[in-house]
>>> print(open('query03.json').read())   # JSON, C-alpha atoms
[["chain", "number", "residue", "atom", "x", "y", "z"],
["A", 1, "MET", "CA", -36.16, -45.87, 56.12],
["A", 2, "TYR", "CA", -36.72, -49.57, 56.86],
["A", 3, "THR", "CA", -38.27, -50.49, 53.53],
["A", 4, "PRO", "CA", -37.88, -53.86, 51.79],
["A", 5, "LYS", "CA", -35.19, -52.26, 49.63],
["A", 6, "ARG", "CA", -33.30, -51.17, 52.72],
["A", 7, "MET", "CA", -33.59, -54.57, 54.35],
["A", 8, "THR", "CA", -32.40, -56.26, 51.16],
["A", 9, "ALA", "CA", -29.36, -54.00, 51.16],
["A", 10, "LEU", "CA", -28.63, -54.71, 54.79],
["A", 11, "SER", "CA", -28.96, -58.46, 54.26],
["A", 12, "ALA", "CA", -26.28, -58.19, 51.60],
["A", 13, "ALA", "CA", -23.82, -56.69, 54.04],
["A", 14, "GLY", "CA", -21.35, -59.49, 53.57],
["A", 15, "MET", "CA", -20.87, -58.88, 49.86],
["A", 16, "SER", "CA", -17.30, -58.37, 48.73],
["A", 17, "ALA", "CA", -15.97, -54.95, 47.92],
["A", 18, "ALA", "CA", -14.98, -56.49, 44.61],
["A", 19, "LEU", "CA", -18.60, -56.02, 43.53],
["A", 20, "LEU", "CA", -18.18, -52.30, 44.05],
["A", 21, "LEU", "CA", -15.09, -52.27, 41.88],
["A", 22, "THR", "CA", -17.03, -54.10, 39.18],
["A", 23, "ALA", "CA", -19.87, -51.62, 39.46],
["A", 24, "CYS", "CA", -17.41, -48.77, 39.16],
["A", 25, "GLY", "CA", -16.28, -49.85, 35.74],
["A", 26, "GLY", "CA", -14.45, -53.14, 36.00],
["A", 27, "GLY", "CA", -10.87, -54.11, 36.52],
["A", 28, "GLY", "CA", -10.42, -51.83, 39.51],
["A", 29, "GLU", "CA", -10.16, -48.81, 37.23],
["A", 30, "ASP", "CA", -9.72, -45.60, 39.22],
["A", 31, "LEU", "CA", -12.68, -43.33, 38.51],
["A", 32, "THR", "CA", -11.47, -40.53, 40.74],
["A", 33, "GLY", "CA", -8.76, -39.11, 38.50],
["A", 34, "PRO", "CA", -7.22, -35.67, 38.76],
["A", 35, "ALA", "CA", -9.40, -33.78, 36.26],
["A", 36, "GLU", "CA", -9.26, -30.34, 37.91],
["A", 37, "GLY", "CA", -11.84, -27.68, 37.09],
["A", 38, "GLU", "CA", -11.12, -23.99, 36.87],
["A", 39, "GLY", "CA", -12.66, -23.37, 40.30],
["A", 40, "GLY", "CA", -10.36, -25.85, 41.99],
["A", 41, "ASP", "CA", -12.68, -28.85, 42.22],
["A", 42, "ASN", "CA", -12.00, -32.15, 40.56],
["A", 43, "LYS", "CA", -14.76, -32.16, 37.94],
["A", 44, "GLU", "CA", -15.11, -35.95, 37.87],
["A", 45, "ILE", "CA", -17.07, -37.45, 40.73],
["A", 46, "ASN", "CA", -18.44, -40.89, 41.56],
["A", 47, "ILE", "CA", -21.44, -40.93, 43.92],
["A", 48, "ALA", "CA", -22.41, -44.20, 45.57],
["A", 49, "LEU", "CA", -26.13, -44.96, 45.69],
["A", 50, "ILE", "CA", -27.89, -47.47, 47.91],
["A", 51, "ALA", "CA", -31.48, -47.77, 46.69],
["A", 52, "TRP", "CA", -33.28, -46.24, 49.68],
["A", 53, "GLU", "CA", -35.95, -43.63, 49.01],
["A", 54, "GLU", "CA", -34.12, -40.63, 50.44],
["A", 55, "GLY", "CA", -30.87, -41.80, 48.83],
["A", 56, "ILE", "CA", -32.41, -42.07, 45.37],
["A", 57, "ALA", "CA", -34.07, -38.67, 45.76],
["A", 58, "THR", "CA", -31.06, -36.72, 47.00],
["A", 59, "THR", "CA", -28.56, -38.45, 44.72],
["A", 60, "ALA", "CA", -30.72, -37.57, 41.70],
["A", 61, "MET", "CA", -30.93, -33.99, 42.98],
["A", 62, "TRP", "CA", -27.16, -33.58, 43.39],
["A", 63, "GLU", "CA", -26.50, -35.40, 40.12],
["A", 64, "VAL", "CA", -28.49, -32.86, 38.10],
["A", 65, "ILE", "CA", -27.14, -29.89, 40.08],
["A", 66, "LEU", "CA", -23.55, -30.97, 39.49],
["A", 67, "GLU", "CA", -24.15, -31.70, 35.82],
["A", 68, "GLU", "CA", -25.47, -28.15, 35.39],
["A", 69, "LEU", "CA", -22.23, -26.99, 37.02],
["A", 70, "ASP", "CA", -20.19, -28.97, 34.45],
["A", 71, "TYR", "CA", -19.21, -31.90, 36.64],
["A", 72, "ASP", "CA", -18.87, -35.34, 35.08],
["A", 73, "VAL", "CA", -21.03, -37.43, 37.43],
["A", 74, "THR", "CA", -21.04, -41.21, 37.74],
["A", 75, "VAL", "CA", -23.60, -42.85, 40.03],
["A", 76, "THR", "CA", -22.67, -46.31, 41.26],
["A", 77, "ASP", "CA", -25.43, -48.59, 42.55],
["A", 78, "VAL", "CA", -24.12, -50.76, 45.37],
["A", 79, "ASP", "CA", -25.06, -52.39, 48.67],
["A", 80, "VAL", "CA", -24.24, -51.02, 52.06],
["A", 81, "ALA", "CA", -21.15, -52.96, 53.11],
["A", 82, "PRO", "CA", -19.31, -52.65, 49.77],
["A", 83, "MET", "CA", -20.19, -48.96, 49.76],
["A", 84, "TYR", "CA", -18.36, -48.29, 53.01],
["A", 85, "GLN", "CA", -15.46, -50.52, 51.97],
["A", 86, "GLY", "CA", -15.23, -48.82, 48.59],
["A", 87, "ALA", "CA", -15.40, -45.30, 50.00],
["A", 88, "ALA", "CA", -12.73, -46.16, 52.56],
["A", 89, "ASN", "CA", -10.56, -47.53, 49.72],
["A", 90, "GLY", "CA", -11.17, -44.42, 47.57],
["A", 91, "ASP", "CA", -13.12, -46.26, 44.87],
["A", 92, "VAL", "CA", -16.10, -43.90, 45.20],
["A", 93, "ASP", "CA", -15.99, -40.25, 46.20],
["A", 94, "LEU", "CA", -19.25, -39.49, 47.93],
["A", 95, "PHE", "CA", -22.23, -41.10, 49.71],
["A", 96, "LEU", "CA", -25.22, -39.01, 50.80],
["A", 97, "ASP", "CA", -27.13, -41.38, 53.09],
["A", 98, "THR", "CA", -25.20, -42.34, 56.23],
["A", 99, "TRP", "CA", -27.52, -42.80, 59.24],
["A", 100, "LEU", "CA", -25.97, -42.05, 62.63],
["A", 101, "PRO", "CA", -25.61, -42.64, 65.52],
["A", 102, "ILE", "CA", -27.40, -46.02, 65.33],
["A", 103, "THR", "CA", -28.18, -47.54, 61.93],
["A", 104, "HIS", "CA", -24.68, -47.33, 60.43],
["A", 105, "SER", "CA", -22.74, -47.30, 63.70],
["A", 106, "ASP", "CA", -20.98, -50.62, 62.98],
["A", 107, "TYR", "CA", -19.79, -49.41, 59.57],
["A", 108, "TRP", "CA", -18.72, -46.07, 60.99],
["A", 109, "GLU", "CA", -16.74, -47.81, 63.71],
["A", 110, "ASP", "CA", -14.99, -49.94, 61.09],
["A", 111, "TYR", "CA", -14.38, -47.30, 58.42],
["A", 112, "GLY", "CA", -15.06, -43.84, 59.89],
["A", 113, "ASP", "CA", -11.39, -42.98, 60.37],
["A", 114, "GLN", "CA", -10.88, -43.49, 56.61],
["A", 115, "LEU", "CA", -13.79, -41.22, 55.63],
["A", 116, "GLU", "CA", -14.76, -37.55, 55.89],
["A", 117, "ASP", "CA", -18.02, -36.57, 57.57],
["A", 118, "LEU", "CA", -19.19, -33.69, 55.37],
["A", 119, "GLY", "CA", -22.12, -32.73, 57.57],
["A", 120, "VAL", "CA", -25.70, -33.46, 58.62],
["A", 121, "TRP", "CA", -28.36, -32.53, 56.07],
["A", 122, "TYR", "CA", -31.40, -34.04, 57.79],
["A", 123, "ASP", "CA", -31.90, -34.51, 61.52],
["A", 124, "ASN", "CA", -35.37, -36.01, 61.95],
["A", 125, "ALA", "CA", -34.94, -39.59, 60.74],
["A", 126, "VAL", "CA", -37.39, -41.44, 62.98],
["A", 127, "LEU", "CA", -39.56, -44.53, 63.19],
["A", 128, "THR", "CA", -43.19, -43.60, 63.78],
["A", 129, "ILE", "CA", -46.69, -44.82, 64.48],
["A", 130, "THR", "CA", -48.93, -42.52, 62.48],
["A", 131, "VAL", "CA", -52.59, -41.63, 61.90],
["A", 132, "PRO", "CA", -54.39, -39.17, 59.59],
["A", 133, "THR", "CA", -54.79, -35.73, 61.13],
["A", 134, "TYR", "CA", -58.60, -36.06, 61.05],
["A", 135, "MET", "CA", -58.29, -38.55, 63.93],
["A", 136, "GLU", "CA", -58.36, -35.64, 66.36],
["A", 137, "ASP", "CA", -58.73, -37.69, 69.54],
["A", 138, "VAL", "CA", -55.63, -39.80, 68.92],
["A", 139, "ASN", "CA", -52.44, -37.86, 69.67],
["A", 140, "SER", "CA", -50.15, -40.35, 71.41],
["A", 141, "ILE", "CA", -49.44, -44.05, 71.06],
["A", 142, "ALA", "CA", -51.05, -44.56, 74.46],
["A", 143, "ASP", "CA", -54.34, -43.08, 73.13],
["A", 144, "LEU", "CA", -54.74, -46.04, 70.80],
["A", 145, "THR", "CA", -55.99, -48.26, 73.65],
["A", 146, "ASP", "CA", -59.20, -46.20, 73.71],
["A", 147, "HIS", "CA", -59.78, -46.60, 69.98],
["A", 148, "ALA", "CA", -59.13, -50.31, 69.40],
["A", 149, "GLU", "CA", -62.69, -51.03, 68.28],
["A", 150, "GLU", "CA", -62.95, -48.28, 65.68],
["A", 151, "LEU", "CA", -59.52, -49.29, 64.33],
["A", 152, "GLY", "CA", -60.58, -52.91, 64.07],
["A", 153, "GLY", "CA", -57.83, -53.91, 66.46],
["A", 154, "GLN", "CA", -55.22, -53.51, 63.72],
["A", 155, "ILE", "CA", -52.04, -51.54, 63.28],
["A", 156, "ILE", "CA", -51.10, -51.72, 59.59],
["A", 157, "GLY", "CA", -47.41, -52.50, 59.29],
["A", 158, "ILE", "CA", -44.84, -53.38, 56.67],
["A", 159, "ASP", "CA", -42.70, -56.48, 56.00],
["A", 160, "PRO", "CA", -41.95, -58.89, 58.86],
["A", 161, "GLY", "CA", -38.17, -58.51, 58.58],
["A", 162, "ALA", "CA", -38.08, -54.73, 58.87],
["A", 163, "GLY", "CA", -36.52, -53.02, 61.86],
["A", 164, "LEU", "CA", -39.66, -50.88, 62.12],
["A", 165, "THR", "CA", -41.75, -54.03, 62.53],
["A", 166, "ARG", "CA", -39.49, -55.38, 65.25],
["A", 167, "VAL", "CA", -39.48, -52.13, 67.23],
["A", 168, "THR", "CA", -43.25, -51.78, 66.96],
["A", 169, "LYS", "CA", -43.97, -55.38, 67.95],
["A", 170, "GLU", "CA", -41.30, -55.89, 70.61],
["A", 171, "GLU", "CA", -41.05, -52.42, 72.15],
["A", 172, "ALA", "CA", -43.95, -50.06, 71.48],
["A", 173, "MET", "CA", -46.92, -52.41, 71.55],
["A", 174, "PRO", "CA", -46.10, -54.15, 74.86],
["A", 175, "GLY", "CA", -44.73, -50.93, 76.34],
["A", 176, "TYR", "CA", -48.00, -49.08, 75.77],
["A", 177, "GLY", "CA", -50.24, -52.07, 76.49],
["A", 178, "LEU", "CA", -51.39, -52.44, 72.88],
["A", 179, "ASP", "CA", -50.57, -56.11, 72.44],
["A", 180, "GLU", "CA", -53.80, -57.25, 74.13],
["A", 181, "ASP", "CA", -56.18, -55.32, 71.86],
["A", 182, "PHE", "CA", -54.19, -54.87, 68.67],
["A", 183, "GLU", "CA", -52.61, -57.06, 66.01],
["A", 184, "LEU", "CA", -49.71, -55.75, 63.96],
["A", 185, "VAL", "CA", -50.62, -56.60, 60.38],
["A", 186, "GLU", "CA", -47.37, -57.51, 58.62],
["A", 187, "SER", "CA", -47.34, -57.34, 54.84],
["A", 188, "SER", "CA", -45.26, -54.92, 52.76],
["A", 189, "THR", "CA", -44.65, -51.22, 52.42],
["A", 190, "ALA", "CA", -46.75, -51.14, 49.25],
["A", 191, "ALA", "CA", -49.65, -52.90, 50.97],
["A", 192, "MET", "CA", -49.47, -50.55, 53.96],
["A", 193, "LEU", "CA", -49.52, -47.50, 51.71],
["A", 194, "ALA", "CA", -52.45, -48.89, 49.74],
["A", 195, "GLU", "CA", -54.41, -49.34, 52.96],
["A", 196, "LEU", "CA", -53.49, -45.81, 54.04],
["A", 197, "ASP", "CA", -54.54, -44.31, 50.69],
["A", 198, "SER", "CA", -57.86, -46.17, 50.76],
["A", 199, "ALA", "CA", -58.70, -45.21, 54.35],
["A", 200, "ILE", "CA", -57.88, -41.54, 53.79],
["A", 201, "ALA", "CA", -59.96, -41.43, 50.62],
["A", 202, "GLU", "CA", -62.96, -42.49, 52.73],
["A", 203, "GLU", "CA", -61.86, -40.57, 55.85],
["A", 204, "GLU", "CA", -61.86, -43.80, 57.82],
["A", 205, "PRO", "CA", -59.74, -44.38, 60.94],
["A", 206, "ILE", "CA", -56.42, -46.11, 60.39],
["A", 207, "VAL", "CA", -53.09, -46.40, 62.19],
["A", 208, "VAL", "CA", -49.90, -47.38, 60.37],
["A", 209, "THR", "CA", -46.22, -47.86, 61.04],
["A", 210, "LEU", "CA", -44.20, -45.31, 59.07],
["A", 211, "TRP", "CA", -40.89, -43.45, 59.15],
["A", 212, "ARG", "CA", -39.41, -40.10, 58.29],
["A", 213, "PRO", "CA", -38.33, -39.22, 55.69],
["A", 214, "HIS", "CA", -41.13, -40.64, 53.51],
["A", 215, "PRO", "CA", -43.10, -39.20, 50.56],
["A", 216, "ALA", "CA", -46.40, -40.11, 52.26],
["A", 217, "TYR", "CA", -46.00, -36.99, 54.39],
["A", 218, "ALA", "CA", -46.23, -34.84, 51.26],
["A", 219, "GLN", "CA", -49.16, -36.79, 49.86],
["A", 220, "HIS", "CA", -51.39, -36.84, 52.96],
["A", 221, "ASP", "CA", -52.07, -34.86, 56.13],
["A", 222, "LEU", "CA", -50.55, -37.18, 58.72],
["A", 223, "LYS", "CA", -49.83, -37.00, 62.42],
["A", 224, "ASP", "CA", -47.01, -38.91, 64.12],
["A", 225, "LEU", "CA", -48.25, -40.09, 67.49],
["A", 226, "GLU", "CA", -46.36, -38.85, 70.50],
["A", 227, "ASP", "CA", -44.04, -41.42, 72.05],
["A", 228, "PRO", "CA", -43.49, -40.20, 75.62],
["A", 229, "GLU", "CA", -41.67, -43.39, 76.62],
["A", 230, "GLY", "CA", -39.30, -43.17, 73.66],
["A", 231, "LEU", "CA", -40.01, -46.77, 72.68],
["A", 232, "MET", "CA", -39.80, -46.14, 68.92],
["A", 233, "GLY", "CA", -36.23, -44.89, 69.37],
["A", 234, "ASP", "CA", -34.58, -41.51, 69.12],
["A", 235, "ALA", "CA", -34.26, -39.46, 65.96],
["A", 236, "GLU", "CA", -31.18, -40.11, 63.84],
["A", 237, "GLN", "CA", -29.23, -37.79, 61.59],
["A", 238, "ILE", "CA", -28.44, -38.35, 57.92],
["A", 239, "HIS", "CA", -24.90, -37.38, 56.96],
["A", 240, "ALA", "CA", -23.09, -36.89, 53.68],
["A", 241, "VAL", "CA", -19.77, -38.74, 53.70],
["A", 242, "GLY", "CA", -16.74, -38.42, 51.43],
["A", 243, "ARG", "CA", -13.66, -40.53, 50.92],
["A", 244, "ASP", "CA", -10.45, -39.47, 52.64],
["A", 245, "GLY", "CA", -9.18, -36.28, 51.05],
["A", 246, "PHE", "CA", -12.57, -35.33, 49.62],
["A", 247, "SER", "CA", -12.70, -31.76, 50.95],
["A", 248, "GLU", "CA", -9.21, -31.07, 49.63],
["A", 249, "GLU", "CA", -10.04, -32.33, 46.16],
["A", 250, "TYR", "CA", -13.58, -30.88, 46.10],
["A", 251, "PRO", "CA", -13.39, -27.66, 48.17],
["A", 252, "GLU", "CA", -16.39, -25.97, 46.52],
["A", 253, "LEU", "CA", -18.62, -29.02, 46.65],
["A", 254, "SER", "CA", -17.63, -29.62, 50.26],
["A", 255, "GLU", "CA", -18.77, -26.10, 51.10],
["A", 256, "TRP", "CA", -22.09, -26.60, 49.31],
["A", 257, "ILE", "CA", -22.72, -29.89, 51.09],
["A", 258, "GLY", "CA", -21.83, -28.20, 54.36],
["A", 259, "ASN", "CA", -24.61, -25.66, 53.63],
["A", 260, "TRP", "CA", -27.09, -28.38, 52.64],
["A", 261, "GLU", "CA", -30.10, -28.90, 54.90],
["A", 262, "MET", "CA", -33.59, -30.16, 54.12],
["A", 263, "THR", "CA", -36.82, -29.82, 56.05],
["A", 264, "ASP", "CA", -39.40, -32.59, 56.33],
["A", 265, "ASP", "CA", -41.60, -30.86, 53.76],
["A", 266, "GLU", "CA", -38.75, -30.29, 51.31],
["A", 267, "LEU", "CA", -37.52, -33.86, 51.45],
["A", 268, "ALA", "CA", -41.01, -35.36, 51.26],
["A", 269, "SER", "CA", -41.93, -33.26, 48.21],
["A", 270, "LEU", "CA", -38.62, -34.17, 46.53],
["A", 271, "GLU", "CA", -39.32, -37.86, 47.17],
["A", 272, "VAL", "CA", -42.80, -37.61, 45.64],
["A", 273, "LEU", "CA", -41.23, -36.44, 42.37],
["A", 274, "THR", "CA", -38.27, -38.84, 42.38],
["A", 275, "VAL", "CA", -39.44, -42.09, 44.01],
["A", 276, "GLY", "CA", -43.21, -41.65, 44.22],
["A", 277, "GLU", "CA", -45.78, -43.85, 42.56],
["A", 278, "GLY", "CA", -45.36, -44.00, 38.78],
["A", 279, "VAL", "CA", -41.97, -42.22, 38.71],
["A", 280, "ASP", "CA", -39.54, -43.75, 36.24],
["A", 281, "ASP", "CA", -37.07, -40.86, 35.82],
["A", 282, "PRO", "CA", -35.77, -39.59, 39.17],
["A", 283, "GLN", "CA", -33.48, -37.06, 37.49],
["A", 284, "ALA", "CA", -36.42, -35.45, 35.66],
["A", 285, "GLY", "CA", -38.32, -35.31, 38.92],
["A", 286, "ALA", "CA", -35.34, -33.71, 40.64],
["A", 287, "ARG", "CA", -35.16, -31.07, 37.93],
["A", 288, "THR", "CA", -38.84, -30.28, 38.42],
["A", 289, "TRP", "CA", -38.33, -29.96, 42.18],
["A", 290, "LEU", "CA", -35.30, -27.71, 41.78],
["A", 291, "SER", "CA", -37.17, -25.48, 39.35],
["A", 292, "GLU", "CA", -39.89, -25.06, 41.98],
["A", 293, "ASN", "CA", -37.47, -24.44, 44.87],
["A", 294, "PRO", "CA", -34.98, -21.75, 43.82],
["A", 295, "GLU", "CA", -34.57, -20.65, 47.44],
["A", 296, "PHE", "CA", -33.09, -24.08, 48.23],
["A", 297, "LEU", "CA", -30.45, -23.59, 45.54],
["A", 298, "GLU", "CA", -29.65, -20.09, 46.74],
["A", 299, "ARG", "CA", -29.10, -21.05, 50.36],
["A", 300, "THR", "CA", -27.16, -24.20, 49.47],
["A", 301, "LEU", "CA", -24.99, -23.04, 46.56],
["A", 302, "GLY", "CA", -24.76, -19.32, 47.23],
["A", 303, "GLU", "CA", -23.32, -17.45, 44.25],
["A", 304, "ALA", "CA", -22.99, -20.69, 42.28],
["A", 305, "ALA", "CA", -26.81, -20.82, 42.04],
["A", 306, "GLU", "CA", -26.89, -17.73, 39.83],
["A", 307, "GLY", "CA", -28.00, -18.57, 36.31],
["A", 308, "LEU", "CA", -28.88, -22.19, 37.02],
["A", 309, "GLU", "CA", -32.06, -23.28, 35.27],
["A", 310, "PHE", "CA", -33.87, -26.59, 35.60]]
>>> encode(input="query03.json", output="structure tokens")
Amino acid sequence: MYTPKRMTALSAAGMSAALLLTACGGGGEDLTGPAEGEGGDNKEINIALIAWEEGIATTAMWEVILEELDYDVTVTDVDVAPMYQGAANGDVDLFLDTWLPITHSDYWEDYGDQLEDLGVWYDNAVLTITVPTYMEDVNSIADLTDHAEELGGQIIGIDPGAGLTRVTKEEAMPGYGLDEDFELVESSTAAMLAELDSAIAEEEPIVVTLWRPHPAYAQHDLKDLEDPEGLMGDAEQIHAVGRDGFSEEYPELSEWIGNWEMTDDELASLEVLTVGEGVDDPQAGARTWLSENPEFLERTLGEAAEGLEF
């Protein structure tokens, strides 16, 4: 969740909604015209994308699903504040990555009455302190105090400006008495993942700051440490959100999104194929994932899944 990309987007929160209009095609052109399909849905749709891992993955997935169902899909890259402004103004139709009740609470307070909450598709969005599963004696954050020496007194973190870094340093470490024996190593997400990959390859002890959803959970056997004091914060939900009037203009799609749920394993494996190391075509990765997960299509799309091939 709190990757450098996410923090960059959040730091751009003051950008004007005019940037969104430019991204949508210039001149304030309305991209949400009345092209009705035979089944009742408007067949033109503009999906806003903020470049966070789960957003890239799920937007690519829905983009290829809808294209197979003969929708004309436009994906608009934008930052967080213009996204909410643009959706509230009707300049984009759909956004798949609203975090509530905490991360996007300010935006929801400002714009929620001009938007439609289409449902929760993931309910385990959490900040974590994590170890490989082979570290059998470490099961809670409090256990780390007994393993400071073998861990070299280091918790491997991400960039200094991330919310995950702040919560770990200001809440979890002092709350569990880790600040005397441990240093939080602040670097970048890429550096943290490189350290994790290297340690696991050698089956060495390591503890990292991480978050769900993340593709690392599909790539390695990992264990989130128990947080009995709740100092890393409660789990959040990820919602799909439409502009005002969305469900009326897209009744079928609204029903499919209402059916949409993803498990940790499903989302992590989708992310590996769409935002994982070396991926340069998220849509191709999404097609591969969908071809390997027909049961997901059946439970989400119902009868509309019949005959779809990826």
>>> closest_residue(input="query03.json", among="A:Ile206, A:Gly177, A:Ala305, A:His104", to="A:Glu150", atoms="all atoms listed in the file")
A:Ile206
>>> closest_residue(input="query03.json", among="A:Gln154, A:Gly40, A:Glu249, A:Leu49", to="A:Trp62", atoms="all atoms listed in the file")
A:Leu49
>>> residues_near_point(input="query03.json", point="(-13.7, -29.0, 48.2)", cutoff="12 Å", atoms="only C-alpha atoms", output="number ranges by chain")
A: 36-37, 39-43, 45, 93-94, 116, 118, 242-258
>>> residues_near_point(input="query03.json", point="(-45.6, -37.0, 52.1)", cutoff="9 Å", atoms="all atoms listed in the file", output="number ranges by chain")
A: 213-222, 264-265, 267-269, 271-272
>>> closest_residue(input="query03.json", among="A:Glu292, A:Glu67, A:Asp227, A:Asp117", to="A:Thr98", atoms="all atoms listed in the file")
A:Asp117
>>> closest_residue(input="query03.json", among="A:Ser105, A:Asn139, A:Thr209, A:Gln283", to="A:Leu127", atoms="all atoms listed in the file")
A:Thr209
>>> closest_residue(input="query03.json", among="A:Ala190, A:Ala88, A:Val131, A:Ala304", to="A:Tyr111", atoms="all atoms listed in the file")
A:Ala88
>>> atom_distance(input="query03.json", atom1="atom CA of A:Gly230", atom2="atom CA of A:Glu266")
25.8 Å
>>> closest_residue(input="query03.json", among="A:Ile102, A:Met232, A:Ala125, A:Ile156", to="A:Pro205", atoms="all atoms listed in the file")
A:Ile156
>>> atom_distance(input="query03.json", atom1="atom CA of A:Gln85", atom2="atom CA of A:Tyr107")
8.8 Å
>>> residues_around(input="query03.json", residues="stretch 173-175 of chain A", least_positions_apart="5", cutoff="9 Å", atoms="all atoms listed in the file", output="list in words")
Ile141, Val167, Thr168, Glu180, Phe182, Leu184, Glu229 and Leu231 of chain A
>>> residues_around(input="query03.json", residues="A:Gly233", least_positions_apart="5", cutoff="12 Å", atoms="all atoms listed in the file", output="VMD selection string")
chain A and resid 101 to 103 124 to 129 163 to 164 166 to 168 171 to 172 211 226 to 228
